Amino acid sequence: MDIRAEEKIMDSKRKLLAIYLLILCFGNSFFAEKLDSADFTWRSEKNKVFLSGEKLDFSISWSFIKVGSASMDVESVSELNGRKCYHIVTKARSAPFFDKFFKVRDVNESWMDVESLCSLKFLSNISEGNFKKKETILFDQINNQFTIVESSKTGKTPLWVQDVLSSLYYLRTKKLEVGKEYSIDAHSGDKSWPLTVKVVRKEKIKVSVGKFECFVVEPKIREDAGIFQAKGKLWVWLTADDKKIPVKMSSKVMIGSVTAKLNKMENVR
């Protein structure tokens with residue numbers, strides 16, 4: 001065999017090795033794009049906690065001054081790409097007197113798969129003072145991929161990823177114990193990260209709709225994380241029963257704290 005022929009063989013081997021290493025390093029993302037529904041099995045998760053039609057209304061105060069209101073509603077069971085999903089909508093608005101200083105009109109929507117309880121779609125429409133932003137994120141759970149509709153940006157996600165709104169509803173379906181931490185793969189904007197939630201303690205509290213024994217949970221938040229958005233620590237009081245209704249949320253801010261308390265609920269399971 002001449003030297004030229006031997007060099008061609010070696011060059012071919014190097015190319016094959018490079019391709020092999022490429023597949024080895026990026027195999028998950030490479031083959032994920034080849035999957036279709038026939039190769040994928042949806043997980044099955046139980047939800048005996050919330051149902052379609054659940055409505056929760058909150059009063060929001062800042063250092064004992066009422067500054068707005070919010071709602072968390074499971075509006076319906078709809079269909080998205082052939083999958084049944086819970087359509088969950090949260091709204092937050094500032095009080096009329098506060099509009100003069102800082103007008104807030106925020107809407108977040110989540111489409112949460114009924115069978116697997118993972119996220120299929122998330123829409124955020126934020127209006128806070130002069131800041132406006134609308135973003136729609138589609139989650140392809142089969143191929144572990146997200147797409148931001150407005151920018152056409154795509155990227156990889158963990159399997160069974162949750163948006164920041166469905167994360168709270170998914171947590172409600174879990175059995176909680178004081179002292180334990182729970183990790184949920186969450187996504188906001190163009191990033192996925194493990195959302196860790198610690199059950200800090202049990203505490204009895206009173207709000208306008210009644211007295212409740214609650215789990216006090218502390219999510220490890222990101223600053224741009226939607227319903228979990230805060231620049232300091234955030235605590236959520238979930239009823240210590242099978243429903244795990246959020247009856248209070250509190251976050252420290254630069255001056256004082258912002259607190260949301262449940263003042264009305266309908267169609268609670």
# chains A, B, ... in the order shown; residues from 1 in each chain; ligands from 1
call {"tool": "select_by_dssp", "arguments": {"residues": "stretch 69-166 of chain A", "states": "helix (DSSP H, G or I)", "output": "list in words"}}
result
Pro96, Phe97, Phe98, Asp99 and Ser166 of chain A
call {"tool": "residues_around", "arguments": {"residues": "A:Ser61", "least_positions_apart": "4", "cutoff": "7 Å", "atoms": "only C-alpha atoms", "output": "ChimeraX atom specification"}}
result
/A:65-68,258-260
call {"tool": "select_by_dssp", "arguments": {"residues": "stretch 135-192 of chain A", "states": "strand (DSSP E)", "output": "VMD selection string"}}
result
chain A and resid 135 to 140 145 to 148 153 to 156 162 to 163 181 to 188 191 to 192
call {"tool": "write_last_selection", "arguments": {"atoms": "N, CA and C atoms", "output": "PDB file, in the first residue's frame"}}
result
ATOM      1  N   GLU A 135     -44.369  37.205  26.384  1.00  0.00           N
ATOM      2  CA  GLU A 135     -43.532  36.073  25.986  1.00  0.00           C
ATOM      3  C   GLU A 135     -44.351  34.788  26.027  1.00  0.00           C
ATOM      4  N   THR A 136     -44.240  34.010  24.976  1.00  0.00           N
ATOM      5  CA  THR A 136     -44.928  32.725  24.874  1.00  0.00           C
ATOM      6  C   THR A 136     -43.885  31.626  24.708  1.00  0.00           C
ATOM      7  N   ILE A 137     -43.931  30.639  25.593  1.00  0.00           N
ATOM      8  CA  ILE A 137     -42.963  29.538  25.538  1.00  0.00           C
ATOM      9  C   ILE A 137     -43.710  28.230  25.292  1.00  0.00           C
ATOM     10  N   LEU A 138     -43.306  27.507  24.261  1.00  0.00           N
ATOM     11  CA  LEU A 138     -43.860  26.192  23.965  1.00  0.00           C
ATOM     12  C   LEU A 138     -42.873  25.131  24.436  1.00  0.00           C
ATOM     13  N   PHE A 139     -43.384  24.093  25.105  1.00  0.00           N
ATOM     14  CA  PHE A 139     -42.530  23.023  25.606  1.00  0.00           C
ATOM     15  C   PHE A 139     -42.813  21.732  24.834  1.00  0.00           C
ATOM     16  N   ASP A 140     -41.802  21.257  24.151  1.00  0.00           N
ATOM     17  CA  ASP A 140     -41.868  19.973  23.450  1.00  0.00           C
ATOM     18  C   ASP A 140     -41.281  18.927  24.388  1.00  0.00           C
ATOM     19  N   GLN A 145     -37.362  20.150  24.484  1.00  0.00           N
ATOM     20  CA  GLN A 145     -36.998  21.407  23.835  1.00  0.00           C
ATOM     21  C   GLN A 145     -38.028  22.490  24.118  1.00  0.00           C
ATOM     22  N   PHE A 146     -37.566  23.731  24.250  1.00  0.00           N
ATOM     23  CA  PHE A 146     -38.470  24.872  24.375  1.00  0.00           C
ATOM     24  C   PHE A 146     -38.315  25.770  23.153  1.00  0.00           C
ATOM     25  N   THR A 147     -39.378  26.502  22.853  1.00  0.00           N
ATOM     26  CA  THR A 147     -39.347  27.509  21.797  1.00  0.00           C
ATOM     27  C   THR A 147     -40.024  28.764  22.309  1.00  0.00           C
ATOM     28  N   ILE A 148     -39.329  29.898  22.229  1.00  0.00           N
ATOM     29  CA  ILE A 148     -39.937  31.185  22.539  1.00  0.00           C
ATOM     30  C   ILE A 148     -40.526  31.714  21.243  1.00  0.00           C
ATOM     31  N   LYS A 153     -36.453  31.645  19.435  1.00  0.00           N
ATOM     32  CA  LYS A 153     -35.308  31.045  20.106  1.00  0.00           C
ATOM     33  C   LYS A 153     -35.680  29.673  20.645  1.00  0.00           C
ATOM     34  N   THR A 154     -34.773  28.709  20.493  1.00  0.00           N
ATOM     35  CA  THR A 154     -35.016  27.355  20.980  1.00  0.00           C
ATOM     36  C   THR A 154     -33.854  26.904  21.857  1.00  0.00           C
ATOM     37  N   GLY A 155     -34.087  25.853  22.603  1.00  0.00           N
ATOM     38  CA  GLY A 155     -33.042  25.297  23.459  1.00  0.00           C
ATOM     39  C   GLY A 155     -33.531  24.021  24.112  1.00  0.00           C
ATOM     40  N   LYS A 156     -32.649  23.388  24.865  1.00  0.00           N
ATOM     41  CA  LYS A 156     -32.955  22.122  25.497  1.00  0.00           C
ATOM     42  C   LYS A 156     -33.563  22.338  26.884  1.00  0.00           C
ATOM     43  N   GLN A 162     -41.208  22.032  34.174  1.00  0.00           N
ATOM     44  CA  GLN A 162     -42.377  22.828  34.554  1.00  0.00           C
ATOM     45  C   GLN A 162     -42.097  24.298  34.261  1.00  0.00           C
ATOM     46  N   ASP A 163     -43.129  25.041  33.905  1.00  0.00           N
ATOM     47  CA  ASP A 163     -42.979  26.488  33.917  1.00  0.00           C
ATOM     48  C   ASP A 163     -43.124  26.948  35.367  1.00  0.00           C
ATOM     49  N   GLU A 181     -36.598  18.853  51.484  1.00  0.00           N
ATOM     50  CA  GLU A 181     -36.500  19.707  50.309  1.00  0.00           C
ATOM     51  C   GLU A 181     -36.990  18.949  49.085  1.00  0.00           C
ATOM     52  N   TYR A 182     -37.652  19.667  48.186  1.00  0.00           N
ATOM     53  CA  TYR A 182     -38.192  19.080  46.966  1.00  0.00           C
ATOM     54  C   TYR A 182     -37.634  19.853  45.781  1.00  0.00           C
ATOM     55  N   SER A 183     -37.182  19.119  44.776  1.00  0.00           N
ATOM     56  CA  SER A 183     -36.586  19.755  43.605  1.00  0.00           C
ATOM     57  C   SER A 183     -37.472  19.540  42.385  1.00  0.00           C
ATOM     58  N   ILE A 184     -37.736  20.615  41.673  1.00  0.00           N
ATOM     59  CA  ILE A 184     -38.572  20.577  40.477  1.00  0.00           C
ATOM     60  C   ILE A 184     -37.792  21.234  39.344  1.00  0.00           C
ATOM     61  N   ASP A 185     -37.671  20.562  38.205  1.00  0.00           N
ATOM     62  CA  ASP A 185     -37.021  21.186  37.054  1.00  0.00           C
ATOM     63  C   ASP A 185     -37.954  22.241  36.483  1.00  0.00           C
ATOM     64  N   ALA A 186     -37.550  23.508  36.603  1.00  0.00           N
ATOM     65  CA  ALA A 186     -38.391  24.626  36.197  1.00  0.00           C
ATOM     66  C   ALA A 186     -37.745  25.396  35.060  1.00  0.00           C
ATOM     67  N   HIS A 187     -38.564  26.196  34.378  1.00  0.00           N
ATOM     68  CA  HIS A 187     -38.057  26.958  33.240  1.00  0.00           C
ATOM     69  C   HIS A 187     -38.675  28.345  33.232  1.00  0.00           C
ATOM     70  N   SER A 188     -37.832  29.340  32.939  1.00  0.00           N
ATOM     71  CA  SER A 188     -38.282  30.724  32.792  1.00  0.00           C
ATOM     72  C   SER A 188     -37.426  31.393  31.734  1.00  0.00           C
ATOM     73  N   LYS A 191     -34.044  29.791  30.125  1.00  0.00           N
ATOM     74  CA  LYS A 191     -33.213  28.991  31.027  1.00  0.00           C
ATOM     75  C   LYS A 191     -34.046  27.995  31.831  1.00  0.00           C
ATOM     76  N   SER A 192     -33.497  26.813  32.015  1.00  0.00           N
ATOM     77  CA  SER A 192     -34.065  25.820  32.926  1.00  0.00           C
ATOM     78  C   SER A 192     -33.137  25.700  34.124  1.00  0.00           C
TER      79      SER A 192
END
call {"tool": "residues_around", "arguments": {"residues": "A:Gly129", "least_positions_apart": "5", "cutoff": "8 Å", "atoms": "only C-alpha atoms", "output": "list in words"}}
result
Phe102, Lys103 and Val104 of chain A
call {"tool": "write_last_selection", "arguments": {"atoms": "N, CA and C atoms", "output": "mmCIF file, in the first residue's frame"}}
result
data_model
loop_
_atom_site.group_PDB
_atom_site.id
_atom_site.type_symbol
_atom_site.label_atom_id
_atom_site.label_comp_id
_atom_site.auth_asym_id
_atom_site.auth_seq_id
_atom_site.Cartn_x
_atom_site.Cartn_y
_atom_site.Cartn_z
ATOM 1 N N PHE A 102 -47.343 53.361 40.391
ATOM 2 C CA PHE A 102 -46.762 52.205 39.708
ATOM 3 C C PHE A 102 -47.895 51.266 39.299
ATOM 4 N N LYS A 103 -48.343 51.383 38.067
ATOM 5 C CA LYS A 103 -49.483 50.600 37.592
ATOM 6 C C LYS A 103 -49.031 49.192 37.201
ATOM 7 N N VAL A 104 -49.718 48.198 37.760
ATOM 8 C CA VAL A 104 -49.399 46.799 37.479
ATOM 9 C C VAL A 104 -50.616 46.102 36.879
#
call {"tool": "closest_residue", "arguments": {"among": "A:Ser251, A:Ser119, A:Asn143, A:Asn263", "to": "A:Lys206", "atoms": "only C-alpha atoms"}}
result
A:Asn263
call {"tool": "closest_residue", "arguments": {"among": "A:Lys198, A:Ser76, A:Ser63, A:Val114", "to": "A:Lys252", "atoms": "only C-alpha atoms"}}
result
A:Ser63
call {"tool": "closest_residue", "arguments": {"among": "A:Val178, A:Asn144, A:Ser166, A:Leu262", "to": "A:Phe212", "atoms": "only C-alpha atoms"}}
result
A:Leu262
call {"tool": "closest_residue", "arguments": {"among": "A:Ala95, A:Leu176, A:Met112, A:Val77", "to": "A:Ala240", "atoms": "only C-alpha atoms"}}
result
A:Leu176
call {"tool": "closest_residue", "arguments": {"among": "A:Ile126, A:Val236, A:Leu165, A:Ile255", "to": "A:Asp73", "atoms": "only C-alpha atoms"}}
result
A:Leu165
call {"tool": "residues_around", "arguments": {"residues": "stretch 40-53 of chain A", "least_positions_apart": "3", "cutoff": "8 Å", "atoms": "only C-alpha atoms", "output": "ChimeraX atom specification"}}
result
/A:35-37,73-77,86,115-117,142,172-173,242-244,266-269
call {"tool": "closest_residue", "arguments": {"among": "A:Trp237, A:Trp111, A:Phe131, A:Tyr170", "to": "A:Ile88", "atoms": "only C-alpha atoms"}}
result
A:Trp111
